[in-house]
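Student: The structure is given below, and queries will be raised subsequently.
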Amino acid sequence: MSFCLNFPLFLIVLSLISAVLCIILPGKAARYVALSLALLSAVLNAVILFYVYPRNISVTYLMGHYPHPWGNELRISAMEALFSSAFSAILVLCLLGGSAQLREKVQAELSPYFYVMTCLIQAALLALVYTNDVFTGYVFIEICTLSSCGILMIRKNGRTTLASVRYMIFSLVGSGLFLFGVIFLYNITGELLMPNIRAAVLTLWTSGEYKVPLLTAMCLMTLGLSIKSGLFPFHIWMADTYGTAIPGASAILSGLISKGYIFFLIKLIFDVFGVDVFYASGIHNVLFVFGVIGIIIGSVSAIRENNILRMIAFSSAAQIGYVYMGIGMSAGAGITAALFQMLTHAATKPALFLSAGTMTNAMGNAKKFRNLQGAGYVTPVAGLAFTFESFSMIGVPLTMGFMCKYLFGTAAFEAAPLKMIPTLIALSVSTILNTMYFSRTVIRIYRHPIANGHEREKTRVSYALAAVVFIVVNLFFGVFGKSFIDALGNCVTIF
Amino acid sequence: MWMTLWNNRIQVAAVILFAVGFVTLLLHRNLIKKVIGLNIMDTAAYLFLTSIGYIENRLSPIIQEGDTALETYVNPLPAGLVLTGIVVSVSVTAVMLALTIRIYRRYHTLNLDDIYRYVHDEMEGEQ
């Protein structure tokens, strides 16, 4: 069974080859290639998870059997397998749910390129999750940036192009800072592989030598990744980006890309800086403060929006704030909560974007709330999915969102009082604000009379399937999440 | 303090160039100048990397006259990283320029403030 440890490398290479293949295939064939690739990746990563988790091991995979310092390495443990499996599964659902809108809003000859980009995104996400080398991490961060810009700019109107320029500028600032951080770290440690850097960093930290360059490198890398994932105050690109892209692209961007960067940051904290050094450096306090402010500001901005897609985008900013609040809180319970929040958000937000996209499309491309009146009757499945996922975002019991808020609450009581009170305040205030803007939307889409006299529309099978799977997964982890969260806590210890 | 700065003058220059590129990329209103800023920023990073990879009086790592002593040659890894980095920044620059061309064809300006205004007017017109 140890053969399955070859799967990550196999999947990364296969994704890159499929991306090239999709360029020459017609749209429909490219769609099948991308879909089956994502499905294959979800299944194979799940196999790795079931191989690695019971044995409680973390394996270093030498590519081509070249040892340090010549070779490049992957690291395979339960956490990596879980996240790459989840990312791929969500990519499948995004592709399924977003394909109808892609056909309608993008010229037919461009649609294969969308699938080229999703293959590249899959390769980049898998590599970011599995890599054991910081420079490889940087290269795949850039591949991720370029391909995510690709799925954004595939829609050729002025607003989307401007949004992609903005997105690119912020992403490039972030990756430039990250690159400089990597170079600083390489300069003072002389290593690029994560375990070697961690050992060197620990030695430097205890001896007190090169403290300023070490802190600078850590700050630069953390700052770079937090700009790219959209932590407050760098969330300003989000509304334009998610609000103007096609729904399938917004779903992938908000659900997967930002989570990939955050996962890489958590990996850096554990494998490069070392938990003890990172939590002694004080950087986590900065992340905590900006996370809490981000939650409040994101929710307030969402309330002020009257465009449904931009509202969901601002809510994403708030959810990213939650993740950083968890990272900033503590290494144990805080990080576990942050990881579960990442999974929750990745399973909820794409569904919201896809249903909102379906509803706005059915109502004649209306994004303003007053034009969406009665959309729940025009597209029943989208209305139901939107309502359910809104409940999850608010944190109604039996959904993943509730488990998340419960985890953050319990983690807060274990943290220092100085962090406990802001966390609890942020949790309660954001829950109230979430309830306000999501219930306002849900009431609007189920209100009579239906705006502009739209008739009931036929639901597409692929979208309905994706929506139902999203709802079932959310319910499953909302009801039976306790043992899953315990397992997640175990994974953190061997991360 | 001044002596340290002088001894590390190339790295200091690289950091200054990085800052110049960073500010240009973030704050300049002209899209082409933003792309130039991006390139200055990336090149500064490569300058830094190249300068720490170079050791005076050592040769490039190609074995000459049967001399296999480690002290004769420099470590090839920083140069390899720079090459990888250059490839990345070329592709990023290409995408940014493609976006700039698309924007210019539509709005006939490169000034971001003007473009924002035009886009805003377009949105007003749609409603």
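Letters for chains follow the order of the structure tokens (A, B, ...), residue numbers begin at 1 for each chain, and ligand numbers begin at 1 in the order shown.
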Kindly provide the residues of chain A that approach chain B to within 9 Å, each paired with its closest atom pair and their distance in Å to one decimal, based on only C-alpha atoms, listed by chain and increasing number, as CSV.

Tutor:
```
residue,atom,partner,partner_atom,distance
A:Phe135,CA,B:Leu81,CA,7.9
A:Val139,CA,B:Val88,CA,7.1
A:Glu142,CA,B:Val88,CA,7.1
A:Ile143,CA,B:Val88,CA,8.3
A:Thr145,CA,B:Val92,CA,8.9
A:Leu146,CA,B:Val92,CA,7.0
A:Cys149,CA,B:Val95,CA,8.8
A:Gly150,CA,B:Val95,CA,8.9
A:Met153,CA,B:Leu99,CA,8.3
A:Lys156,CA,B:Arg102,CA,8.9
A:Gly158,CA,B:Val119,CA,6.7
A:Arg159,CA,B:Val119,CA,6.2
A:Thr161,CA,B:Ile103,CA,6.8
A:Leu162,CA,B:Ile103,CA,7.3
A:Ser164,CA,B:Leu99,CA,7.9
A:Val165,CA,B:Leu99,CA,6.7
A:Met168,CA,B:Met96,CA,7.5
A:Ile169,CA,B:Leu26,CA,7.1
A:Phe170,CA,B:Leu26,CA,7.8
A:Leu172,CA,B:Leu38,CA,7.6
A:Val173,CA,B:Phe22,CA,6.9
A:Gly176,CA,B:Asp42,CA,6.7
A:Leu177,CA,B:Phe22,CA,8.8
A:Leu179,CA,B:Ala45,CA,7.4
A:Phe180,CA,B:Ala45,CA,6.0
A:Ile183,CA,B:Leu49,CA,6.6
A:Phe184,CA,B:Leu49,CA,8.8
A:Tyr186,CA,B:Leu49,CA,8.9
A:Asn187,CA,B:Ile52,CA,7.1
```

Student: I need the chosen residues saved as a compact mmCIF listing (two decimals), in the first residue's frame, with C-alpha atoms.

Tutor:
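Full text of out.txt as output:
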```
# COMPACT_ATOMS: atom_id res chain seq x y z
CA PHE A 135 11.28 28.02 -3.17
CA VAL A 139 7.05 29.10 -7.81
CA GLU A 142 3.08 32.42 -8.80
CA ILE A 143 1.49 29.68 -10.93
CA THR A 145 -1.65 33.73 -9.11
CA LEU A 146 -1.39 33.57 -12.89
CA CYS A 149 -6.02 35.73 -12.84
CA GLY A 150 -6.75 33.67 -15.95
CA MET A 153 -10.05 37.73 -16.99
CA LYS A 156 -13.99 40.11 -21.37
CA GLY A 158 -14.26 46.36 -18.80
CA ARG A 159 -15.07 45.92 -15.14
CA THR A 161 -10.48 43.47 -16.73
CA LEU A 162 -10.02 46.31 -14.27
CA SER A 164 -8.12 41.50 -12.73
CA VAL A 165 -5.54 44.30 -12.96
CA MET A 168 -2.82 41.04 -10.10
CA ILE A 169 -1.26 44.13 -8.50
CA PHE A 170 -2.14 43.00 -4.98
CA LEU A 172 2.26 40.56 -7.17
CA VAL A 173 2.97 42.83 -4.21
CA GLY A 176 7.26 39.96 -4.21
CA LEU A 177 7.33 40.33 -0.43
CA LEU A 179 10.12 36.10 -2.44
CA PHE A 180 12.22 38.64 -0.58
CA ILE A 183 15.76 35.07 0.05
CA PHE A 184 16.42 36.62 3.49
CA TYR A 186 18.02 31.49 2.63
CA ASN A 187 20.69 34.12 3.27
```

Student: Please provide the set of residues having any atom within 12 Å of A:Lys482, restricted to only C-alpha atoms, with same-chain residues fewer than 4 positions apart removed, written as an NGL selection string.

Tutor: :A and (340 or 398 or 400 or 402-404 or 406-407 or 476-478 or 486-489)

Student: Can I get the selection written as a PDB file, in the first residue's frame, with N, CA and C atoms?

Tutor:
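The resulting result06.pdb:
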```
ATOM      1  N   PHE A 340     -10.498  24.171  10.710  1.00  0.00           N
ATOM      2  CA  PHE A 340     -11.886  23.759  10.468  1.00  0.00           C
ATOM      3  C   PHE A 340     -12.663  24.886   9.793  1.00  0.00           C
ATOM      4  N   LEU A 398     -26.559  22.439  13.654  1.00  0.00           N
ATOM      5  CA  LEU A 398     -26.629  21.356  12.661  1.00  0.00           C
ATOM      6  C   LEU A 398     -25.923  21.717  11.359  1.00  0.00           C
ATOM      7  N   MET A 400     -22.120  23.292   9.503  1.00  0.00           N
ATOM      8  CA  MET A 400     -20.686  23.419   9.791  1.00  0.00           C
ATOM      9  C   MET A 400     -20.362  24.769  10.425  1.00  0.00           C
ATOM     10  N   PHE A 402     -21.992  26.429  12.565  1.00  0.00           N
ATOM     11  CA  PHE A 402     -22.197  26.384  14.012  1.00  0.00           C
ATOM     12  C   PHE A 402     -21.005  25.741  14.702  1.00  0.00           C
ATOM     13  N   MET A 403     -20.520  24.598  14.131  1.00  0.00           N
ATOM     14  CA  MET A 403     -19.374  23.906  14.724  1.00  0.00           C
ATOM     15  C   MET A 403     -18.169  24.843  14.805  1.00  0.00           C
ATOM     16  N   CYS A 404     -17.999  25.636  13.729  1.00  0.00           N
ATOM     17  CA  CYS A 404     -16.904  26.589  13.679  1.00  0.00           C
ATOM     18  C   CYS A 404     -16.960  27.573  14.817  1.00  0.00           C
ATOM     19  N   TYR A 406     -18.601  27.393  17.532  1.00  0.00           N
ATOM     20  CA  TYR A 406     -18.444  26.682  18.802  1.00  0.00           C
ATOM     21  C   TYR A 406     -16.953  26.469  19.093  1.00  0.00           C
ATOM     22  N   LEU A 407     -16.205  26.037  18.052  1.00  0.00           N
ATOM     23  CA  LEU A 407     -14.767  25.799  18.226  1.00  0.00           C
ATOM     24  C   LEU A 407     -14.032  27.079  18.601  1.00  0.00           C
ATOM     25  N   PHE A 476     -23.719  16.866   7.072  1.00  0.00           N
ATOM     26  CA  PHE A 476     -23.016  15.721   7.638  1.00  0.00           C
ATOM     27  C   PHE A 476     -21.985  16.182   8.661  1.00  0.00           C
ATOM     28  N   PHE A 477     -21.131  17.167   8.249  1.00  0.00           N
ATOM     29  CA  PHE A 477     -20.094  17.605   9.178  1.00  0.00           C
ATOM     30  C   PHE A 477     -20.673  18.481  10.285  1.00  0.00           C
ATOM     31  N   GLY A 478     -21.835  19.064  10.043  1.00  0.00           N
ATOM     32  CA  GLY A 478     -22.473  19.827  11.105  1.00  0.00           C
ATOM     33  C   GLY A 478     -23.006  18.919  12.197  1.00  0.00           C
ATOM     34  N   ASP A 486     -11.929  16.126  16.440  1.00  0.00           N
ATOM     35  CA  ASP A 486     -10.905  15.480  17.282  1.00  0.00           C
ATOM     36  C   ASP A 486      -9.775  14.938  16.420  1.00  0.00           C
ATOM     37  N   ALA A 487     -10.160  14.309  15.290  1.00  0.00           N
ATOM     38  CA  ALA A 487      -9.146  13.771  14.378  1.00  0.00           C
ATOM     39  C   ALA A 487      -8.277  14.895  13.829  1.00  0.00           C
ATOM     40  N   LEU A 488      -8.932  16.042  13.526  1.00  0.00           N
ATOM     41  CA  LEU A 488      -8.190  17.199  13.004  1.00  0.00           C
ATOM     42  C   LEU A 488      -7.177  17.674  14.033  1.00  0.00           C
ATOM     43  N   GLY A 489      -7.599  17.684  15.316  1.00  0.00           N
ATOM     44  CA  GLY A 489      -6.681  18.062  16.396  1.00  0.00           C
ATOM     45  C   GLY A 489      -5.484  17.129  16.457  1.00  0.00           C
TER      46      GLY A 489
END
```

Student: Tell me which protein, DNA and RNA residues are within 8 Å of B:Tyr73, counting only C-alpha atoms, leaving out same-chain ones fewer than 6 positions away, and put them as a ChimeraX atom specification.

Tutor: /B:58-62

Student: Keeping C-alpha atoms, export the residues of the selection given above as a PDB file, in the first residue's frame.

Tutor:
```pdb
ATOM      1  CA  ARG B  58      36.096  31.397  -6.845  1.00  0.00           C
ATOM      2  CA  LEU B  59      35.100  29.860 -10.167  1.00  0.00           C
ATOM      3  CA  SER B  60      31.761  28.891 -11.597  1.00  0.00           C
ATOM      4  CA  PRO B  61      30.954  25.264 -10.680  1.00  0.00           C
ATOM      5  CA  ILE B  62      32.302  23.528 -13.781  1.00  0.00           C
TER       6      ILE B  62
END
```

Student: When you look at stretch 11-24 of chain A with a cut-off of 10 Å (counting only C-alpha atoms), what residues show up, excluding the ones that are within fewer than 6 positions of it in the same chain? I need them as a PyMOL selection string.

Tutor: chain A and resi 30-34+37-38+40-41+44-45+110-127+130

Student: Which of chain B end up as alpha helix (DSSP H) when DSSP is run on this backbone - answer as number ranges by chain?

Tutor: B: 2-7, 9-27, 31-53, 77-107, 112-126

Student: Report the distance between atom CA of B:Met3 and atom CA of A:Thr216 in Å, rounded to one decimal place.

Tutor: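 Pair atom CA of B:Met3 / atom CA of A:Thr216 returns 21.2 Å.
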
Student: Find the residue from A:Val442, A:Ala318, A:Ala451, A:Ile432 that sits nearest to A:Ser390; use only C-alpha atoms when measuring.

Tutor: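 Of A:Val442, A:Ala318, A:Ala451, A:Ile432, the one nearest A:Ser390 is A:Val442, counting only C-alpha atoms.
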
Student: Just to confirm, what's the straight-line distance from atom CA of A:Pro233 to atom CA of A:Phe408 in Å (one decimal)?

Tutor: 22.0 Å

Student: Using only C-alpha atoms, determine which residues lie at most 10 Å from A:Lys458, disregarding the query and same-chain residues fewer than 3 positions distant; provide the list as a list in words.

Tutor: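 So, after excluding close chain neighbours, the residues are Ala362, Val378, Thr379, Pro380, Val381, Glu455 and Val461 of chain A.
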
Student: For the residues in that selection, give me C-alpha atoms as a tab-separated table (two decimals), in the first residue's frame.

Tutor:
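Result file follows (again33.tsv):
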```
chain	number	residue	atom	x	y	z
A	362	ALA	CA	-32.47	33.69	-13.92
A	378	VAL	CA	-37.94	31.19	-10.12
A	379	THR	CA	-35.01	28.90	-9.32
A	380	PRO	CA	-36.12	26.68	-6.42
A	381	VAL	CA	-32.89	24.69	-6.03
A	455	GLU	CA	-41.37	32.57	-14.98
A	461	VAL	CA	-28.85	18.86	-13.49
```

Student: Fewer than 6 positions away in the same chain doesn't count, so skip those; otherwise give me all residues within 10 Å of A:Ile236, counting only C-alpha atoms, as a PDB file with all heavy atoms, in the first residue's frame.

Tutor:
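Now in result.pdb:
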```pdb
ATOM      1  N   ARG A 166      -6.375  44.905 -10.773  1.00  0.00           N
ATOM      2  CA  ARG A 166      -6.249  45.165  -9.340  1.00  0.00           C
ATOM      3  C   ARG A 166      -5.815  43.919  -8.584  1.00  0.00           C
ATOM      4  O   ARG A 166      -4.946  43.951  -7.727  1.00  0.00           O
ATOM      5  CB  ARG A 166      -7.607  45.604  -8.817  1.00  0.00           C
ATOM      6  CG  ARG A 166      -7.581  47.008  -8.351  1.00  0.00           C
ATOM      7  CD  ARG A 166      -8.903  47.370  -7.807  1.00  0.00           C
ATOM      8  NE  ARG A 166      -8.738  48.211  -6.663  1.00  0.00           N
ATOM      9  CZ  ARG A 166      -9.725  48.576  -5.886  1.00  0.00           C
ATOM     10  NH1 ARG A 166     -10.933  48.146  -6.137  1.00  0.00           N
ATOM     11  NH2 ARG A 166      -9.525  49.352  -4.872  1.00  0.00           N
ATOM     12  N   TYR A 167      -6.437  42.802  -8.948  1.00  0.00           N
ATOM     13  CA  TYR A 167      -6.122  41.531  -8.297  1.00  0.00           C
ATOM     14  C   TYR A 167      -4.659  41.183  -8.527  1.00  0.00           C
ATOM     15  O   TYR A 167      -3.945  40.781  -7.601  1.00  0.00           O
ATOM     16  CB  TYR A 167      -7.040  40.454  -8.863  1.00  0.00           C
ATOM     17  CG  TYR A 167      -6.761  39.067  -8.352  1.00  0.00           C
ATOM     18  CD1 TYR A 167      -7.111  38.723  -7.058  1.00  0.00           C
ATOM     19  CD2 TYR A 167      -6.155  38.106  -9.145  1.00  0.00           C
ATOM     20  CE1 TYR A 167      -6.855  37.458  -6.572  1.00  0.00           C
ATOM     21  CE2 TYR A 167      -5.901  36.854  -8.674  1.00  0.00           C
ATOM     22  CZ  TYR A 167      -6.249  36.530  -7.391  1.00  0.00           C
ATOM     23  OH  TYR A 167      -5.983  35.278  -6.926  1.00  0.00           O
ATOM     24  N   PHE A 170      -2.241  43.421  -6.383  1.00  0.00           N
ATOM     25  CA  PHE A 170      -2.137  42.996  -4.983  1.00  0.00           C
ATOM     26  C   PHE A 170      -1.400  41.670  -4.866  1.00  0.00           C
ATOM     27  O   PHE A 170      -0.562  41.480  -3.990  1.00  0.00           O
ATOM     28  CB  PHE A 170      -3.525  42.902  -4.353  1.00  0.00           C
ATOM     29  CG  PHE A 170      -3.981  44.203  -3.794  1.00  0.00           C
ATOM     30  CD1 PHE A 170      -4.787  45.046  -4.524  1.00  0.00           C
ATOM     31  CD2 PHE A 170      -3.563  44.606  -2.541  1.00  0.00           C
ATOM     32  CE1 PHE A 170      -5.178  46.262  -4.018  1.00  0.00           C
ATOM     33  CE2 PHE A 170      -3.944  45.827  -2.033  1.00  0.00           C
ATOM     34  CZ  PHE A 170      -4.758  46.659  -2.771  1.00  0.00           C
ATOM     35  N   GLY A 230      -6.025  37.977   1.389  1.00  0.00           N
ATOM     36  CA  GLY A 230      -7.075  38.972   1.589  1.00  0.00           C
ATOM     37  C   GLY A 230      -7.402  39.266   3.034  1.00  0.00           C
ATOM     38  O   GLY A 230      -8.561  39.494   3.388  1.00  0.00           O
ATOM     39  N   GLY A 298     -15.443  43.649   7.538  1.00  0.00           N
ATOM     40  CA  GLY A 298     -16.020  42.881   6.435  1.00  0.00           C
ATOM     41  C   GLY A 298     -17.519  42.778   6.567  1.00  0.00           C
ATOM     42  O   GLY A 298     -18.267  42.986   5.604  1.00  0.00           O
ATOM     43  N   ALA A 313     -18.891  38.669  -1.286  1.00  0.00           N
ATOM     44  CA  ALA A 313     -17.447  38.880  -1.306  1.00  0.00           C
ATOM     45  C   ALA A 313     -16.977  39.500   0.000  1.00  0.00           C
ATOM     46  O   ALA A 313     -15.975  39.069   0.583  1.00  0.00           O
ATOM     47  CB  ALA A 313     -17.067  39.764  -2.484  1.00  0.00           C
ATOM     48  N   PHE A 314     -17.707  40.516   0.484  1.00  0.00           N
ATOM     49  CA  PHE A 314     -17.304  41.135   1.755  1.00  0.00           C
ATOM     50  C   PHE A 314     -17.445  40.145   2.899  1.00  0.00           C
ATOM     51  O   PHE A 314     -16.663  40.167   3.855  1.00  0.00           O
ATOM     52  CB  PHE A 314     -18.128  42.391   2.027  1.00  0.00           C
ATOM     53  CG  PHE A 314     -17.567  43.599   1.338  1.00  0.00           C
ATOM     54  CD1 PHE A 314     -18.292  44.299   0.401  1.00  0.00           C
ATOM     55  CD2 PHE A 314     -16.289  44.032   1.648  1.00  0.00           C
ATOM     56  CE1 PHE A 314     -17.760  45.403  -0.230  1.00  0.00           C
ATOM     57  CE2 PHE A 314     -15.754  45.140   1.024  1.00  0.00           C
ATOM     58  CZ  PHE A 314     -16.489  45.820   0.087  1.00  0.00           C
ATOM     59  N   ALA A 317     -14.355  38.318   3.200  1.00  0.00           N
ATOM     60  CA  ALA A 317     -13.307  39.047   3.926  1.00  0.00           C
ATOM     61  C   ALA A 317     -13.446  38.784   5.414  1.00  0.00           C
ATOM     62  O   ALA A 317     -12.460  38.559   6.123  1.00  0.00           O
ATOM     63  CB  ALA A 317     -13.406  40.535   3.621  1.00  0.00           C
TER      64      ALA A 317
END
```

Student: As a ChimeraX atom specification, please: the residues near A:Met342 (cut-off 12 Å, only C-alpha atoms, same-chain neighbours under 2 positions excluded).

Tutor: /A:83,86-87,229,254-263,266,316,319-327,335-340,344-349,400-401,404

Student: Create the file for the chosen residues now, containing N, CA and C atoms and written as a CSV table (one decimal), in the first residue's frame.

Tutor:
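File part-v1.csv, as written:
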```
chain,number,residue,atom,x,y,z
A,83,PHE,N,-6.5,18.0,3.3
A,83,PHE,CA,-6.8,19.3,2.6
A,83,PHE,C,-6.7,19.2,1.1
A,86,ALA,N,-9.9,17.5,0.1
A,86,ALA,CA,-11.1,18.5,0.2
A,86,ALA,C,-11.0,19.5,-0.9
A,87,PHE,N,-9.8,20.1,-1.2
A,87,PHE,CA,-9.7,21.1,-2.2
A,87,PHE,C,-10.2,20.5,-3.6
A,229,SER,N,-4.1,36.3,0.5
A,229,SER,CA,-5.3,35.7,0.9
A,229,SER,C,-6.4,36.7,1.3
A,254,SER,N,-12.7,32.3,-4.2
A,254,SER,CA,-12.9,32.5,-2.7
A,254,SER,C,-12.8,31.2,-2.0
A,255,GLY,N,-13.2,30.1,-2.6
A,255,GLY,CA,-13.2,28.9,-1.8
A,255,GLY,C,-11.9,28.2,-1.7
A,256,LEU,N,-11.1,28.2,-2.8
A,256,LEU,CA,-9.9,27.4,-2.9
A,256,LEU,C,-8.6,28.2,-2.8
A,257,ILE,N,-8.5,29.2,-3.7
A,257,ILE,CA,-7.2,29.9,-3.9
A,257,ILE,C,-6.7,30.5,-2.6
A,258,SER,N,-7.6,31.3,-1.9
A,258,SER,CA,-7.2,32.0,-0.7
A,258,SER,C,-6.9,30.9,0.4
A,259,LYS,N,-7.6,29.8,0.4
A,259,LYS,CA,-7.4,28.8,1.4
A,259,LYS,C,-6.0,28.1,1.1
A,260,GLY,N,-5.6,28.0,-0.1
A,260,GLY,CA,-4.3,27.4,-0.5
A,260,GLY,C,-3.2,28.2,0.1
A,261,TYR,N,-3.3,29.6,0.0
A,261,TYR,CA,-2.3,30.4,0.5
A,261,TYR,C,-2.2,30.3,2.1
A,262,ILE,N,-3.4,30.3,2.7
A,262,ILE,CA,-3.5,30.2,4.2
A,262,ILE,C,-2.9,28.9,4.6
A,263,PHE,N,-3.2,27.8,3.9
A,263,PHE,CA,-2.7,26.5,4.3
A,263,PHE,C,-1.2,26.5,4.2
A,266,ILE,N,0.2,28.3,7.2
A,266,ILE,CA,0.1,27.4,8.4
A,266,ILE,C,1.3,26.4,8.3
A,316,SER,N,-16.8,37.1,2.6
A,316,SER,CA,-15.6,36.3,2.5
A,316,SER,C,-14.4,37.0,3.3
A,319,GLN,N,-14.8,36.2,6.8
A,319,GLN,CA,-14.5,34.8,7.1
A,319,GLN,C,-13.0,34.5,7.1
A,320,ILE,N,-12.2,35.2,6.2
A,320,ILE,CA,-10.8,35.1,6.2
A,320,ILE,C,-10.3,35.7,7.6
A,321,GLY,N,-10.9,36.8,8.1
A,321,GLY,CA,-10.6,37.3,9.4
A,321,GLY,C,-10.7,36.3,10.5
A,322,TYR,N,-11.7,35.4,10.4
A,322,TYR,CA,-11.9,34.4,11.4
A,322,TYR,C,-10.7,33.5,11.4
A,323,VAL,N,-10.2,33.1,10.2
A,323,VAL,CA,-9.1,32.1,10.1
A,323,VAL,C,-7.9,32.7,10.7
A,324,TYR,N,-7.6,34.0,10.4
A,324,TYR,CA,-6.4,34.7,11.0
A,324,TYR,C,-6.6,34.9,12.5
A,325,MET,N,-7.8,35.1,12.9
A,325,MET,CA,-8.0,35.2,14.4
A,325,MET,C,-7.6,33.9,15.1
A,326,GLY,N,-8.0,32.8,14.4
A,326,GLY,CA,-7.7,31.5,15.0
A,326,GLY,C,-6.2,31.3,15.0
A,327,ILE,N,-5.5,31.6,13.9
A,327,ILE,CA,-4.0,31.4,13.9
A,327,ILE,C,-3.4,32.3,15.0
A,335,ILE,N,-5.4,27.0,16.2
A,335,ILE,CA,-5.1,26.6,14.8
A,335,ILE,C,-6.1,25.5,14.3
A,336,THR,N,-6.5,24.6,15.3
A,336,THR,CA,-7.5,23.6,14.9
A,336,THR,C,-8.8,24.3,14.4
A,337,ALA,N,-9.2,25.4,15.2
A,337,ALA,CA,-10.4,26.1,14.8
A,337,ALA,C,-10.2,26.8,13.5
A,338,ALA,N,-9.0,27.3,13.2
A,338,ALA,CA,-8.7,28.0,12.0
A,338,ALA,C,-8.8,27.0,10.8
A,339,LEU,N,-8.3,25.8,11.0
A,339,LEU,CA,-8.3,24.8,10.0
A,339,LEU,C,-9.7,24.4,9.6
A,340,PHE,N,-10.5,24.2,10.7
A,340,PHE,CA,-11.9,23.8,10.5
A,340,PHE,C,-12.7,24.9,9.8
A,344,THR,N,-14.8,24.8,6.4
A,344,THR,CA,-16.2,25.2,6.4
A,344,THR,C,-16.4,26.3,5.3
A,345,HIS,N,-15.5,27.3,5.3
A,345,HIS,CA,-15.7,28.3,4.3
A,345,HIS,C,-15.5,27.8,2.9
A,346,ALA,N,-14.5,26.9,2.7
A,346,ALA,CA,-14.3,26.3,1.4
A,346,ALA,C,-15.5,25.5,1.0
A,347,ALA,N,-16.3,25.0,1.9
A,347,ALA,CA,-17.5,24.2,1.5
A,347,ALA,C,-18.7,25.0,1.4
A,348,THR,N,-18.7,26.2,2.0
A,348,THR,CA,-19.9,27.0,2.0
A,348,THR,C,-19.9,28.1,0.9
A,349,LYS,N,-18.8,28.9,0.9
A,349,LYS,CA,-18.8,30.1,0.0
A,349,LYS,C,-19.0,29.7,-1.5
A,400,MET,N,-22.1,23.3,9.5
A,400,MET,CA,-20.7,23.4,9.8
A,400,MET,C,-20.4,24.8,10.4
A,401,GLY,N,-21.1,25.8,10.0
A,401,GLY,CA,-20.8,27.1,10.6
A,401,GLY,C,-21.0,27.2,12.1
A,404,CYS,N,-18.0,25.6,13.7
A,404,CYS,CA,-16.9,26.6,13.7
A,404,CYS,C,-17.0,27.6,14.8
```

Student: Suppose you want the space between atom CA of A:Leu95 and atom CA of A:Leu354; what is it in Å?

Tutor: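 Separating atom CA of A:Leu95 from atom CA of A:Leu354 is a distance of 10.1 Å.
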